[in-house]
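The data block below is start26.csv; it holds CSV, C-alpha atoms.
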```csv
chain,number,residue,atom,x,y,z
A,1,MET,CA,23.9,-26.9,-7.6
A,2,ASN,CA,20.2,-27.1,-8.4
A,3,TRP,CA,18.1,-24.0,-8.2
A,4,ASP,CA,14.4,-23.9,-8.2
A,5,ASP,CA,12.4,-21.8,-10.6
A,6,GLU,CA,11.7,-19.2,-7.9
A,7,THR,CA,15.4,-18.6,-7.4
A,8,LEU,CA,16.1,-18.6,-11.1
A,9,GLY,CA,13.2,-16.2,-11.6
A,10,ALA,CA,14.6,-13.9,-9.0
A,11,PHE,CA,18.0,-14.1,-10.7
A,12,LEU,CA,16.4,-13.0,-14.0
A,13,ASP,CA,14.5,-10.2,-12.3
A,14,GLY,CA,17.6,-8.9,-10.5
A,15,GLU,CA,16.0,-9.7,-7.2
A,16,ALA,CA,18.2,-12.5,-6.0
A,17,ASP,CA,20.7,-11.7,-3.2
A,18,ALA,CA,24.3,-10.9,-4.3
A,19,ARG,CA,25.7,-14.3,-3.3
A,20,THR,CA,23.1,-16.2,-5.3
A,21,MET,CA,23.5,-13.9,-8.3
A,22,THR,CA,27.3,-14.6,-8.3
A,23,GLN,CA,26.8,-18.4,-7.9
A,24,ILE,CA,24.3,-18.6,-10.8
A,25,GLU,CA,26.4,-16.4,-13.1
A,26,ALA,CA,29.4,-18.7,-12.4
A,27,ALA,CA,27.3,-21.9,-13.0
A,28,LEU,CA,26.0,-20.5,-16.3
A,29,LEU,CA,29.5,-20.5,-17.7
A,30,GLN,CA,29.7,-24.3,-17.5
A,31,ASP,CA,26.2,-25.7,-17.2
A,32,ASP,CA,24.4,-26.0,-20.6
A,33,ALA,CA,21.2,-27.3,-19.0
A,34,LEU,CA,21.1,-24.4,-16.7
A,35,GLN,CA,21.6,-22.0,-19.6
A,36,ALA,CA,18.7,-23.6,-21.5
A,37,ARG,CA,16.5,-23.4,-18.4
A,38,ILE,CA,17.3,-19.7,-17.9
A,39,GLU,CA,16.7,-19.0,-21.5
A,40,ARG,CA,13.3,-20.6,-21.5
A,41,LEU,CA,12.3,-18.6,-18.5
A,42,ARG,CA,13.7,-15.4,-19.9
A,43,ALA,CA,11.7,-16.0,-23.1
A,44,VAL,CA,8.5,-15.7,-21.0
A,45,ARG,CA,9.2,-12.1,-20.1
A,46,ARG,CA,10.3,-11.3,-23.6
A,47,ALA,CA,7.1,-12.8,-25.1
A,48,LEU,CA,5.0,-10.8,-22.6
A,49,GLY,CA,6.8,-7.6,-23.6
A,50,GLU,CA,6.3,-8.2,-27.3
A,51,ARG,CA,2.7,-8.8,-26.7
A,52,PHE,CA,1.8,-6.0,-24.3
A,53,ASN,CA,4.4,-3.2,-24.7
A,54,PRO,CA,2.9,-2.0,-28.0
A,55,VAL,CA,-0.1,-0.8,-25.9
A,56,LEU,CA,2.2,2.0,-24.5
A,57,SER,CA,2.5,3.6,-27.9
A,58,GLU,CA,-1.2,3.4,-28.8
A,59,ASP,CA,-3.2,6.7,-28.9
A,60,LEU,CA,-5.1,7.1,-25.7
A,61,PRO,CA,-8.9,6.7,-26.1
A,62,GLU,CA,-10.4,10.2,-25.9
A,63,HIS,CA,-13.1,9.1,-23.5
A,64,LEU,CA,-10.5,8.1,-20.9
A,65,VAL,CA,-8.6,11.3,-21.3
A,66,SER,CA,-11.7,13.5,-21.1
A,67,LEU,CA,-12.7,11.6,-18.0
A,68,VAL,CA,-9.5,12.7,-16.3
A,69,ARG,CA,-9.7,16.2,-17.8
A,70,SER,CA,-13.3,16.8,-16.9
A,71,SER,CA,-12.5,19.2,-14.2
A,72,ALA,CA,-9.8,21.1,-16.1
A,73,ALA,CA,-10.0,24.8,-16.5
A,74,PRO,CA,-11.8,26.2,-19.5
A,75,SER,CA,-9.8,25.6,-22.6
A,76,ARG,CA,-7.0,28.1,-23.1
A,77,PRO,CA,-7.6,30.7,-25.7
A,78,ALA,CA,-5.3,30.8,-28.6
A,79,ARG,CA,-2.0,32.4,-27.7
A,80,PRO,CA,-1.5,35.7,-29.3
A,81,ALA,CA,1.6,36.1,-31.3
A,82,ALA,CA,4.3,37.6,-29.1
A,83,SER,CA,5.7,40.7,-30.5
A,84,GLY,CA,7.4,43.8,-29.4
A,85,GLY,CA,9.2,44.1,-26.1
A,86,PHE,CA,9.0,42.2,-22.9
A,87,ALA,CA,6.0,44.0,-21.5
A,88,ALA,CA,4.0,43.1,-24.6
A,89,ARG,CA,5.0,39.5,-24.2
A,90,CYS,CA,4.1,39.6,-20.5
A,91,LEU,CA,0.6,40.8,-21.5
A,92,ALA,CA,0.5,38.0,-24.1
A,93,TRP,CA,1.4,35.5,-21.4
A,94,PHE,CA,-1.4,36.6,-19.1
A,95,THR,CA,-3.8,36.5,-21.9
A,96,ALA,CA,-2.6,33.0,-22.8
A,97,HIS,CA,-3.2,31.9,-19.3
A,98,GLY,CA,-6.7,33.2,-19.3
A,99,VAL,CA,-6.0,35.7,-16.6
A,100,PRO,CA,-8.3,38.7,-17.0
A,101,VAL,CA,-6.7,42.1,-16.9
A,102,ALA,CA,-8.5,42.9,-13.7
A,103,ALA,CA,-7.2,39.8,-12.0
A,104,ALA,CA,-3.8,40.5,-13.4
A,105,LEU,CA,-3.9,43.8,-11.8
A,106,LEU,CA,-4.8,42.2,-8.4
A,107,ILE,CA,-1.9,39.8,-8.8
A,108,GLY,CA,0.3,42.7,-9.6
A,109,VAL,CA,-0.7,44.6,-6.5
A,110,GLY,CA,-0.8,41.5,-4.4
A,111,THR,CA,2.7,40.6,-5.3
A,112,GLY,CA,4.1,44.0,-4.8
A,113,VAL,CA,4.6,45.8,-1.6
A,114,VAL,CA,1.0,46.9,-1.0
A,115,MET,CA,-0.1,43.7,0.6
A,116,ALA,CA,3.2,42.2,1.5
A,117,PRO,CA,2.9,40.7,5.0
A,118,GLY,CA,6.5,39.8,5.1
A,119,ALA,CA,8.5,36.8,4.2
A,120,GLN,CA,8.7,33.7,6.4
A,121,ASP,CA,11.8,31.9,7.6
A,122,SER,CA,10.7,28.8,5.8
A,123,ASP,CA,10.5,30.5,2.4
A,124,VAL,CA,14.3,30.6,1.7
A,125,GLY,CA,17.0,28.1,2.5
A,126,LEU,CA,20.6,27.2,1.5
A,127,ALA,CA,21.7,24.3,-0.5
A,128,ARG,CA,25.2,23.6,-1.8
A,129,GLY,CA,26.2,27.2,-1.1
A,130,GLU,CA,23.3,28.6,-3.0
A,131,MET,CA,20.1,30.3,-1.9
A,132,VAL,CA,17.1,28.2,-2.8
A,133,LEU,CA,13.3,28.7,-2.4
A,134,GLU,CA,11.5,26.4,0.0
A,135,GLY,CA,8.1,26.1,1.6
A,136,ARG,CA,5.1,27.8,0.2
A,137,LEU,CA,7.0,29.7,-2.5
A,138,ALA,CA,8.6,26.5,-3.7
A,139,SER,CA,5.2,24.9,-3.7
A,140,LEU,CA,3.8,27.7,-5.8
A,141,LEU,CA,6.6,27.5,-8.3
A,142,ASP,CA,6.1,23.7,-8.6
A,143,ARG,CA,2.6,24.2,-9.8
A,144,PRO,CA,1.9,25.4,-13.3
A,145,GLY,CA,0.4,28.8,-13.9
A,146,PRO,CA,0.6,32.0,-11.9
A,147,GLY,CA,0.2,31.6,-8.1
A,148,ASP,CA,-0.3,34.0,-5.3
A,149,GLN,CA,-0.4,33.1,-1.6
A,150,ALA,CA,-0.1,35.6,1.2
A,151,GLY,CA,2.6,37.8,-0.3
A,152,ALA,CA,4.4,35.0,-2.1
A,153,ALA,CA,3.8,34.8,-5.8
A,154,THR,CA,5.0,33.6,-9.1
A,155,GLN,CA,4.3,35.1,-12.4
A,156,ILE,CA,6.3,34.1,-15.5
A,157,ALA,CA,7.8,30.8,-16.5
A,158,PHE,CA,10.4,30.5,-19.2
A,159,MET,CA,13.2,28.4,-20.6
A,160,HIS,CA,16.7,29.8,-19.8
A,161,THR,CA,19.2,29.7,-22.6
A,162,ASP,CA,21.1,27.2,-20.5
A,163,GLY,CA,18.3,24.8,-20.7
A,164,ARG,CA,16.8,25.2,-17.2
A,165,TYR,CA,13.3,26.2,-16.5
A,166,CYS,CA,13.1,29.5,-14.6
A,167,ARG,CA,10.3,31.4,-12.9
A,168,THR,CA,9.9,34.9,-11.6
A,169,PHE,CA,8.7,35.4,-8.1
A,170,THR,CA,8.0,38.0,-5.6
A,171,LEU,CA,8.2,37.5,-1.9
A,172,ALA,CA,7.2,40.4,0.4
A,173,ASP,CA,9.4,43.3,-0.8
A,174,THR,CA,11.7,41.2,-2.9
A,175,ALA,CA,11.4,40.1,-6.5
A,176,GLY,CA,13.6,37.7,-8.3
A,177,ILE,CA,14.2,34.8,-10.7
A,178,ALA,CA,14.6,31.2,-9.6
A,179,CYS,CA,15.7,28.4,-11.9
A,180,ARG,CA,15.1,24.7,-11.5
A,181,THR,CA,18.4,23.1,-10.6
A,182,ASP,CA,18.1,19.4,-10.0
A,183,ALA,CA,15.3,19.2,-7.5
A,184,VAL,CA,15.4,22.7,-6.1
A,185,TRP,CA,14.5,26.2,-7.2
A,186,GLN,CA,17.8,28.0,-7.0
A,187,VAL,CA,17.6,31.8,-6.7
A,188,GLU,CA,19.6,33.4,-9.6
A,189,HIS,CA,18.7,37.0,-9.2
A,190,THR,CA,17.0,39.3,-6.8
A,191,ALA,CA,16.0,42.9,-6.7
A,192,PRO,CA,13.7,45.1,-4.6
A,193,ALA,CA,10.1,44.7,-5.7
A,194,ARG,CA,8.5,47.8,-7.2
A,195,SER,CA,6.8,49.9,-4.7
A,196,PHE,CA,3.6,51.5,-5.8
A,197,ASP,CA,3.3,55.0,-4.5
A,198,ASP,CA,1.0,56.4,-7.2
A,199,ASN,CA,-2.3,55.7,-8.7
A,200,THR,CA,-1.3,54.7,-12.2
A,201,VAL,CA,-2.7,51.6,-13.7
A,202,ARG,CA,-0.2,48.9,-13.9
A,203,THR,CA,-0.2,45.3,-15.2
A,204,ALA,CA,0.6,42.3,-13.2
A,205,ALA,CA,4.0,42.0,-14.7
A,206,SER,CA,4.7,45.5,-13.5
A,207,ALA,CA,5.0,44.1,-10.0
A,208,LEU,CA,8.3,42.9,-11.2
A,209,PRO,CA,11.0,45.6,-11.2
A,210,LEU,CA,12.6,46.5,-14.5
A,211,ASP,CA,15.8,45.0,-13.3
A,212,VAL,CA,14.2,41.6,-13.1
A,213,LEU,CA,12.3,42.0,-16.4
A,214,ASP,CA,15.6,43.0,-18.1
A,215,ARG,CA,17.2,39.9,-16.7
A,216,VAL,CA,14.5,37.7,-18.0
A,217,ASP,CA,14.9,39.3,-21.4
A,218,ALA,CA,18.6,38.6,-21.3
A,219,TRP,CA,18.1,34.9,-20.2
A,220,ILE,CA,15.0,33.8,-22.0
A,221,SER,CA,15.1,31.3,-24.8
A,222,GLY,CA,12.1,32.0,-27.1
A,223,ASP,CA,8.9,33.1,-25.4
A,224,PRO,CA,7.5,32.7,-21.9
A,225,LEU,CA,5.8,29.3,-21.5
A,226,ASP,CA,2.1,29.1,-22.1
A,227,ARG,CA,-0.2,27.2,-19.7
A,228,GLU,CA,0.1,23.9,-21.6
A,229,GLN,CA,3.8,24.1,-21.7
A,230,GLU,CA,3.9,24.9,-18.0
A,231,THR,CA,1.7,22.0,-17.2
A,232,GLU,CA,3.9,19.6,-19.2
A,233,ALA,CA,7.0,21.0,-17.5
A,234,ALA,CA,5.5,20.7,-14.1
A,235,ALA,CA,4.5,17.1,-14.8
A,236,ARG,CA,8.2,16.4,-15.5
A,237,GLY,CA,9.3,18.1,-12.3
A,238,TRP,CA,10.5,21.1,-14.3
A,239,GLN,CA,13.2,19.0,-15.8
A,240,ALA,CA,14.0,19.7,-19.4
A,241,GLY,CA,12.1,17.3,-21.7
A,242,PRO,CA,13.4,15.4,-24.7
A,243,ASP,CA,12.4,18.2,-27.1
B,1,MET,CA,-3.9,14.0,0.7
B,2,GLY,CA,-4.4,14.3,-3.0
B,3,VAL,CA,-6.3,17.3,-4.4
B,4,ARG,CA,-7.5,17.3,-8.0
B,5,THR,CA,-5.5,19.8,-9.9
B,6,PRO,CA,-4.5,20.2,-13.5
B,7,GLN,CA,-1.1,19.0,-12.6
B,8,LEU,CA,-2.4,15.9,-10.9
B,9,GLU,CA,-4.6,15.2,-13.9
B,10,THR,CA,-1.6,15.4,-16.1
B,11,GLU,CA,0.2,12.9,-13.9
B,12,ILE,CA,-2.7,10.5,-14.1
B,13,ILE,CA,-2.8,10.8,-17.9
B,14,ALA,CA,0.9,10.2,-18.0
B,15,ILE,CA,0.2,6.9,-16.2
B,16,LEU,CA,-2.6,5.9,-18.5
B,17,PRO,CA,-0.6,4.0,-21.0
B,18,ARG,CA,0.8,1.7,-18.3
B,19,LEU,CA,-2.6,1.3,-16.7
B,20,ARG,CA,-3.9,0.2,-20.1
B,21,ARG,CA,-1.1,-2.2,-20.5
B,22,PHE,CA,-1.7,-3.7,-17.1
B,23,ALA,CA,-5.4,-4.0,-17.8
B,24,ARG,CA,-4.7,-5.6,-21.2
B,25,SER,CA,-2.6,-8.3,-19.5
B,26,LEU,CA,-5.4,-9.0,-17.0
B,27,THR,CA,-8.4,-9.0,-19.2
B,28,ARG,CA,-9.5,-11.0,-22.3
B,29,ASP,CA,-9.4,-8.2,-24.9
B,30,ALA,CA,-8.9,-4.5,-25.5
B,31,ALA,CA,-12.5,-3.6,-24.9
B,32,ASP,CA,-12.6,-5.2,-21.5
B,33,ALA,CA,-9.3,-3.7,-20.7
B,34,ASP,CA,-10.4,-0.1,-21.4
B,35,ASP,CA,-13.6,-0.8,-19.5
B,36,LEU,CA,-11.4,-1.7,-16.5
B,37,VAL,CA,-9.3,1.4,-17.0
B,38,GLN,CA,-12.4,3.5,-17.0
B,39,ILE,CA,-13.7,1.9,-13.8
B,40,THR,CA,-10.3,2.4,-12.3
B,41,LEU,CA,-10.1,6.1,-13.2
B,42,GLU,CA,-13.6,6.7,-11.9
B,43,LYS,CA,-12.8,5.1,-8.6
B,44,ALA,CA,-9.4,6.9,-8.3
B,45,LEU,CA,-10.9,10.3,-9.1
B,46,ASN,CA,-13.7,9.8,-6.6
B,47,LYS,CA,-11.2,9.1,-3.7
B,48,LEU,CA,-8.2,11.2,-4.6
B,49,ASP,CA,-8.3,12.4,-1.0
B,50,GLN,CA,-7.2,8.9,0.0
B,51,TRP,CA,-4.0,9.1,-2.0
B,52,GLN,CA,-1.1,10.2,0.1
B,53,THR,CA,0.8,13.0,-1.6
B,54,GLY,CA,4.4,11.9,-1.9
B,55,THR,CA,3.6,8.2,-2.3
B,56,ARG,CA,3.7,6.6,-5.7
B,57,LEU,CA,0.6,7.5,-7.7
B,58,ASP,CA,1.1,4.6,-10.1
B,59,SER,CA,1.2,2.0,-7.4
B,60,TRP,CA,-1.9,3.4,-5.8
B,61,MET,CA,-3.7,3.2,-9.2
B,62,TYR,CA,-2.5,-0.3,-9.9
B,63,ARG,CA,-4.0,-1.3,-6.6
B,64,ILE,CA,-7.3,0.3,-7.4
B,65,MET,CA,-7.3,-1.5,-10.7
B,66,LYS,CA,-6.4,-4.8,-9.1
B,67,ASN,CA,-9.4,-4.5,-6.7
B,68,ALA,CA,-11.7,-3.3,-9.5
B,69,TRP,CA,-10.7,-6.3,-11.6
B,70,ILE,CA,-11.3,-8.8,-8.8
B,71,ASP,CA,-14.5,-7.2,-7.6
B,72,GLU,CA,-16.3,-6.4,-10.8
B,73,VAL,CA,-14.9,-6.9,-14.1
B,74,ARG,CA,-13.9,-10.5,-13.8
B,75,PHE,CA,-17.5,-11.4,-13.1
B,76,ARG,CA,-18.9,-9.7,-16.1
B,77,GLN,CA,-16.3,-10.6,-18.6
B,78,ARG,CA,-17.9,-11.7,-21.8
B,79,GLN,CA,-18.4,-15.4,-21.9
B,80,SER,CA,-17.9,-15.9,-25.6
B,81,GLU,CA,-14.8,-17.8,-26.6
B,82,ARG,CA,-12.6,-15.4,-28.6
B,83,PHE,CA,-9.4,-17.2,-28.7
B,84,ALA,CA,-9.9,-19.8,-31.4
B,85,PRO,CA,-7.0,-19.5,-33.9
B,86,GLU,CA,-9.3,-21.1,-36.4
B,87,ALA,CA,-11.6,-18.1,-36.2
B,88,LEU,CA,-8.7,-15.8,-36.6
B,89,GLY,CA,-7.6,-17.7,-39.7
B,90,GLU,CA,-11.0,-17.3,-41.2
B,91,ALA,CA,-11.0,-13.7,-40.5
B,92,VAL,CA,-7.6,-12.6,-41.7
B,93,GLY,CA,-6.4,-15.6,-43.8
B,94,ARG,CA,-3.2,-17.3,-43.3
B,95,ASP,CA,-1.5,-15.3,-46.0
B,96,ASP,CA,-2.1,-12.1,-44.0
B,97,PRO,CA,1.4,-10.7,-43.3
B,98,GLY,CA,0.4,-10.1,-39.7
B,99,TYR,CA,-1.1,-13.6,-39.2
B,100,GLU,CA,1.8,-15.2,-37.3
B,101,LYS,CA,2.2,-12.2,-35.1
B,102,ARG,CA,-1.5,-12.1,-34.2
B,103,LEU,CA,-1.6,-15.8,-33.7
B,104,ARG,CA,1.3,-15.5,-31.2
B,105,ALA,CA,-0.5,-12.7,-29.5
B,106,LEU,CA,-3.6,-14.8,-29.1
B,107,GLU,CA,-1.5,-17.7,-27.7
B,108,ILE,CA,-0.1,-15.4,-25.1
B,109,ASP,CA,-3.5,-14.0,-24.2
B,110,ARG,CA,-4.9,-17.5,-23.9
B,111,ALA,CA,-1.9,-18.6,-21.8
B,112,MET,CA,-2.4,-15.6,-19.4
B,113,GLN,CA,-6.1,-16.5,-19.1
B,114,THR,CA,-5.3,-20.0,-18.0
B,115,LEU,CA,-3.3,-18.7,-15.0
B,116,PRO,CA,-5.1,-18.5,-11.6
B,117,ASP,CA,-5.9,-14.9,-10.8
B,118,ASP,CA,-3.3,-14.5,-8.1
B,119,GLN,CA,-0.5,-15.8,-10.4
B,120,ARG,CA,-1.8,-13.6,-13.3
B,121,LEU,CA,-1.6,-10.5,-11.1
B,122,ALA,CA,1.9,-11.3,-10.0
B,123,VAL,CA,3.1,-12.0,-13.6
B,124,ALA,CA,1.4,-8.8,-14.9
B,125,LEU,CA,2.9,-6.5,-12.2
B,126,VAL,CA,6.4,-7.9,-12.3
B,127,LEU,CA,7.0,-9.3,-15.8
B,128,VAL,CA,4.7,-6.9,-17.8
B,129,GLU,CA,4.8,-3.7,-15.7
B,130,GLY,CA,8.3,-4.2,-14.4
B,131,LEU,CA,7.6,-3.5,-10.8
B,132,ALA,CA,10.1,-4.6,-8.2
B,133,TYR,CA,9.1,-7.5,-6.0
B,134,LYS,CA,8.6,-5.2,-3.0
B,135,GLU,CA,6.4,-2.8,-5.0
B,136,ALA,CA,4.3,-5.6,-6.5
B,137,ALA,CA,3.8,-7.2,-3.1
B,138,ALA,CA,2.7,-3.8,-1.7
B,139,VAL,CA,0.1,-3.4,-4.6
B,140,LEU,CA,-1.2,-6.9,-3.9
B,141,ASP,CA,-1.1,-6.6,-0.1
B,142,ILE,CA,0.9,-9.8,0.3
B,143,PRO,CA,4.3,-10.7,1.7
B,144,ILE,CA,7.2,-10.8,-0.7
B,145,GLY,CA,7.5,-14.5,-0.2
B,146,THR,CA,4.0,-15.1,-1.3
B,147,LEU,CA,4.6,-12.9,-4.3
B,148,THR,CA,7.7,-14.7,-5.4
B,149,SER,CA,6.0,-18.1,-5.0
B,150,ARG,CA,3.0,-17.0,-7.2
B,151,LEU,CA,5.3,-15.4,-9.7
B,152,ALA,CA,7.4,-18.5,-10.0
B,153,ARG,CA,4.4,-20.7,-10.5
B,154,GLY,CA,2.9,-18.3,-13.1
B,155,ARG,CA,6.2,-18.0,-15.0
B,156,THR,CA,6.8,-21.7,-15.1
B,157,ALA,CA,3.2,-22.3,-16.3
B,158,LEU,CA,3.6,-19.7,-19.0
B,159,GLU,CA,6.9,-21.2,-20.1
B,160,THR,CA,5.3,-24.6,-20.5
B,161,LEU,CA,2.3,-23.1,-22.4
B,162,LEU,CA,4.4,-20.9,-24.7
B,163,ASN,CA,7.2,-23.4,-25.4
B,164,PRO,CA,5.4,-26.7,-25.7
B,165,GLN,CA,7.8,-28.0,-28.3
B,166,ALA,CA,10.9,-27.7,-26.0
B,167,GLY,CA,9.6,-30.4,-23.7
B,168,GLU,CA,10.6,-30.9,-20.1
B,169,THR,CA,14.2,-30.7,-19.2
```
Transcribe the structure of this file into structure tokens.
Amino acid sequence: MNWDDETLGAFLDGEADARTMTQIEAALLQDDALQARIERLRAVRRALGERFNPVLSEDLPEHLVSLVRSSAAPSRPARPAASGGFAARCLAWFTAHGVPVAAALLIGVGTGVVMAPGAQDSDVGLARGEMVLEGRLASLLDRPGPGDQAGAATQIAFMHTDGRYCRTFTLADTAGIACRTDAVWQVEHTAPARSFDDNTVRTAASALPLDVLDRVDAWISGDPLDREQETEAAARGWQAGPD
Amino acid sequence: MGVRTPQLETEIIAILPRLRRFARSLTRDAADADDLVQITLEKALNKLDQWQTGTRLDSWMYRIMKNAWIDEVRFRQRQSERFAPEALGEAVGRDDPGYEKRLRALEIDRAMQTLPDDQRLAVALVLVEGLAYKEAAAVLDIPIGTLTSRLARGRTALETLLNPQAGET
């Protein structure tokens, strides 16, 4: 059987229908001329790949990158060396994210009970027998950096020792930890959010109850992610990268 | 609707290498290619609100680049002939270890330049960028049958140009 170049090309590109694919594969076993023809066409893609694929590993021109990055937030200050306990590392995290202490305080209050307007039905769902975050809270967790939207908030992102990315969250009067499991934020731990019934100064992280902070300390691998690491992780859909 | 956020900017930068490759396969040289990439980025960033969240960002930007190339860049490409192997030979010398490779690259560039625009676009999207027929047809706003026809003609022409010694079968 004779096939035209359009059909042979579709065969090479994996776009021919199943019947044609089978027929050509069978014919290739006994048709030398067809083999030669296929090989000549295949060589075209190979030549183009050898010519243009090296572009992928070239350094990106700075002017193109800065064109895209022109609206980016002010450059992140150098990240302080994390030391001491978790509270100190939380403060380091907020500093690394350029969150002023005053704003951090607002986040802390906002994510606590004081402003909690109540969770919405669309914030939590079930998947494969597990509780998962949905809706606005899932959207907040998808984005890098701290987020705060009408009583739903996320604070810290970290790498779990099991290799998953996890983030702390508060939702109305509940705080917890959700870890990226496939394409969803699976809730791994919950506890009552801290209620503020005094006038003591508190940091943003203090919106999270000690129970949650202790759990983070037990699960965390290394330090909380800085903004750059969060942006990279978010760009990968919070799937663990090659490194 | 797309909103410019640091995350979206990161996604665009992640696509940049492929945009540069696509541009390189359309244009005459690296300088024209990066000019085209810059124009594409400016247009895309100016109308991010037209990108539908949840659709493929890379396909949307390929389409912008295709239109930019057709509308603007092609008409102001430099007119000087830059593909003479003799000129390369004078510049680097035939004993240069990269000579054969660079000569082959110039042959491929010149072969691509000989293709009609519609065939070059089909070849670039499918054979260089690796898009499925359906995706490439969507970027070009043409039926799949038209795409496969242009692709086949382009591929056959390149095959003849790049393998002249093999002759016709």
Taking all atoms listed in the file into account, which residues of chain A are within 8 Å of chain B, as a PyMOL selection string?
chain A and resi 5-6+9-10+15+33+37+40-41+43-45+47-49+51-53+55-58+60+64-65+67-69+72-73+143-144+231-232+234-235
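For the pair CA of Phe11 in chain A and CA of Ala138 in chain B, the interatomic distance is 20.5 Å.
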Selected residue, from A:Met1, A:Ala16, A:Leu208, A:Leu8, that lies nearest to Arg42 in chain A when counting all atoms listed in the file
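Closest candidate: A:Leu8.
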May I ask which of the residues B:Val3, B:Leu140, B:Leu26, B:Ala33 is the closest one to Trp51 in chain B, counting all atoms listed in the file?
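Checking each of B:Val3, B:Leu140, B:Leu26, B:Ala33 against Trp51 in chain B, counting all atoms listed in the file, the winner is B:Val3.
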Neighbour list for Ala136 in chain B as a list of chain:residue names, cut-off 9 Å, only C-alpha atoms, skip fewer than 5 positions in-chain
B:Ser59, B:Leu121, B:Ala122, B:Leu125, B:Val126, B:Gly130, B:Leu131, B:Asp141, B:Ile142, B:Ile144, B:Leu147
For the atom pair CA of Ala157 in chain A and CA of Arg128 in chain A, what is the interatomic distance in Å to one decimal place?
23.9 Å
May I ask which of the residues A:Ile220, A:Pro146, A:Gln186, A:Ala138 is the closest one to Leu126 in chain A, counting only C-alpha atoms?
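Answer, going by the shortest atom-to-atom distance: A:Gln186.
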Rounded to one decimal, what separation in Å do you get between CA of Thr53 in chain B and CA of Ala68 in chain B?
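So the answer is 22.0 Å.
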